Amino acid sequence: MHTSPTVEQRRVLVVAILASFVSFLDGTVVNVALPAIARELGGPGAAGLALQQWVVDAYLITLGSLILVAGSLSDVYGRRRVLAIGLGGFAVASVLCALAPTGPVLVLARALQGVAGALLVPSSLALIISAFEGEAQGRAIGRWTAWTATAMILGPFIGGGLVDLISWRWVFWINLPVVLVTLALLRGVPTPDAAKGRHIDVPGAVLAAVGLATTVFGLIEAMWWMLAAGAALLAAFLWWERRAQDPMLPLHLFAARNFAWGNLATVAVYGALAFGGFILTLFLQQVAGYSATAAGVAQLPATVAILALSTRFGTLAARHGARWFMTAGPVVAGAGYLLMLSIDSGAAYVTQVLPGLLVFGLGLAITVAPLTAAILGAVPSDAAGIASAVNNAVARVAGLVVVALAGVITGGVLDVLTFHRALLVTAALLVAGGVVSMLGIRDPRPGAPATRTVTRSRE
């Protein structure tokens with residue numbers, strides 16, 4: 001038996017889901033639009049592939065690098081205020097994307113969209129942590145993760161329909177109604193007190209953003225000196241974070257075992273999730289000849305599995321511990337990608353595509369809510385904003401780095417052979433996530449006291 005959430009808690013959950021949904025959706029909704037974007041704004045061959053990678057990675061670079069400082073902003077200035085600013089900025093950047101006349105302008109607008117998106121995820125998840133506790137928190141996180149993970153997989157379906165029926169530009173216009181509804185609901189959401197005596201780590205934000213951008217540029221363009229420069233900047237970022245008075249990446253959080261190992265598992269799982277969705281969507285259109293709509297509809301069964309099962313697995317993880325869910329889930333998801341090795345240039349849907357997607361969806365449903373709950377359950381509730389920001393930054397950075405390696409993995413050519421190579425890489429990353437979880441995650445002993453206290457939000 002469990003008590004039903006209050007009206008206030010329901011509103012918090014709906015706002016958190018909508019705000020995160022639009023951010024996660026935009027990370028993948030453009031995938032099916034990439035061929036159309038390349039045809040209109042890019043060029044043939046390698047030039048077209050480079051534009052496609054940059055349209056994805058420009059968003060992920062700013063999202064991944066600034067989501068950390070956004071977690072601090074959330075804790076310093078209040079989660080509701082930061083969420084409202086992020087929603088407004090996301091709407092403006094979406095309009096710029098929709099109106100972009102050239103490829104470089106679109107890439108710049110996507111980078112701005114990532115800046116605004118960075119403000120959404122840590123604030124929304126921190127609101128949930130403040131409003132719920134115990135098993136109710138596990139269920140709420142399960143619903144949040146179900147919908148955010150669904151957004152990543154539902155994106156190709158929504159984008160495909162818009163590309164085929166209207167234009168690729170509408171994959172950005174659709175953000176506006178979601179943002180307006182979320183802003184209206186946000187007005188009735190209470191927010192916890194802002195933290196006192198906190199500061200924003202500007203040097204850390206600059207080092208992280210420039211370091212990530214330089215690294216990814218070096219990967220995509222195969223400029224190894226730039227890759228080395230990016231690695232040096234990221235090393236300087238870690239050096240600074242160890243010495244900063246109020247760092248945007250509090251390295252002491254990694255002293256908590258489940259937080260450290262959970263984020264390591266996140267690198268593997270979300271790197272695979274971003275790369276697998278990217279490469280599968282491109283293959284179905286560019287090699288198998290699917291329309292944008294068909295490529296999106298093809299991935300719906302995985303979405304249905306996540307929606308139907310994530311809340312249940314979130315509740316079970318809150319009751320029994322996350323370790324074995326986090327171990328089994330990624331391995332099952334990896335098996336789904338291995339099943340797709342039967343796909344040839346025709347990509348027969350029922351026999352070659354669907355079985356793997358169903359198994360993948362089941363594995364992801366087993367994984368996402370327990371993973372989030374284990375990581376956030378390892379830190380004090382007053383660090384929920386920055387902890388969720390760190391985890392989401394890790395996920396986004398993992399995705400952008402693996403997508404940036406797409407050219408290296410495929411050799412710049414997408415055909416059946418290189419597609420199978422990409423499937424093996426995706427499956428290996430997922431299985432690695434399960435192995436990391438088995439080795440590192442520890443469940444609380446039955447009857448042991450809670451590792452942290454969850455505080456309620458105050459008016």
# chains A, B, ... in the order shown; residues from 1 in each chain; ligands from 1
>>> select_by_dssp(residues="segment 87-328 of chain A", states="helix (DSSP H, G or I)", output="NGL selection string")
:A and (87-99 or 103-118 or 121-131 or 134-165 or 170-173 or 175-186 or 202-221 or 224-243 or 251-255 or 257-286 or 292-298 or 300-320 or 323-328)
>>> residues_around(residues="Pro101 of chain A", least_positions_apart="5", cutoff="12 Å", atoms="only C-alpha atoms", output="list in words")
Ile37, Glu40, Leu41, Gly42, Leu96, Leu106, Val107, Leu108, Ala109 and Arg169 of chain A
>>> write_last_selection(atoms="C-alpha atoms", output="short mmCIF file (atom, residue, chain, number, x, y, z; two decimals), in the first residue's frame")
data_model
loop_
_atom_site.label_atom_id
_atom_site.label_comp_id
_atom_site.auth_asym_id
_atom_site.auth_seq_id
_atom_site.Cartn_x
_atom_site.Cartn_y
_atom_site.Cartn_z
CA ILE A 37 19.01 19.20 -43.02
CA GLU A 40 19.21 21.65 -47.66
CA LEU A 41 22.07 23.20 -45.67
CA GLY A 42 25.01 20.82 -45.95
CA LEU A 96 16.36 30.60 -34.04
CA LEU A 106 21.81 26.24 -37.26
CA VAL A 107 24.81 24.82 -35.39
CA LEU A 108 25.16 28.09 -33.45
CA ALA A 109 21.45 28.13 -32.62
CA ARG A 169 12.16 23.14 -39.31
#
>>> residues_around(residues="Val206 of chain A", least_positions_apart="4", cutoff="10 Å", atoms="only C-alpha atoms", output="count of residues only")
10
>>> closest_residue(among="A:Gly117, A:Pro380, A:Gly88, A:Gly434", to="Gly64 of chain A", atoms="only C-alpha atoms")
A:Gly117
>>> closest_atom_pairs(of="segment 186-296 of chain A", to="segment 391-406 of chain A", cutoff="8 Å", atoms="only C-alpha atoms", output="CSV")
residue,atom,partner,partner_atom,distance
A:Val216,CA,A:Ala404,CA,6.1
A:Leu219,CA,A:Ala404,CA,5.9
A:Ile220,CA,A:Ala404,CA,5.3
A:Asn263,CA,A:Asn391,CA,6.1
A:Thr266,CA,A:Ala395,CA,5.8
A:Val267,CA,A:Ala398,CA,5.2
A:Ala268,CA,A:Ala398,CA,7.3
A:Tyr270,CA,A:Ala395,CA,5.3
A:Gly271,CA,A:Gly399,CA,4.2
A:Ala272,CA,A:Gly399,CA,7.2
A:Leu273,CA,A:Gly399,CA,7.4
A:Ala274,CA,A:Gly399,CA,5.0
A:Phe275,CA,A:Val403,CA,5.3
A:Phe278,CA,A:Val403,CA,7.5
>>> atom_distance(atom1="atom CA of Trp144 of chain A", atom2="atom CA of Ala294 of chain A")
27.1 Å
>>> closest_residue(among="A:Val359, A:Leu264, A:Leu112, A:Ile67", to="Phe90 of chain A", atoms="only C-alpha atoms")
A:Leu112
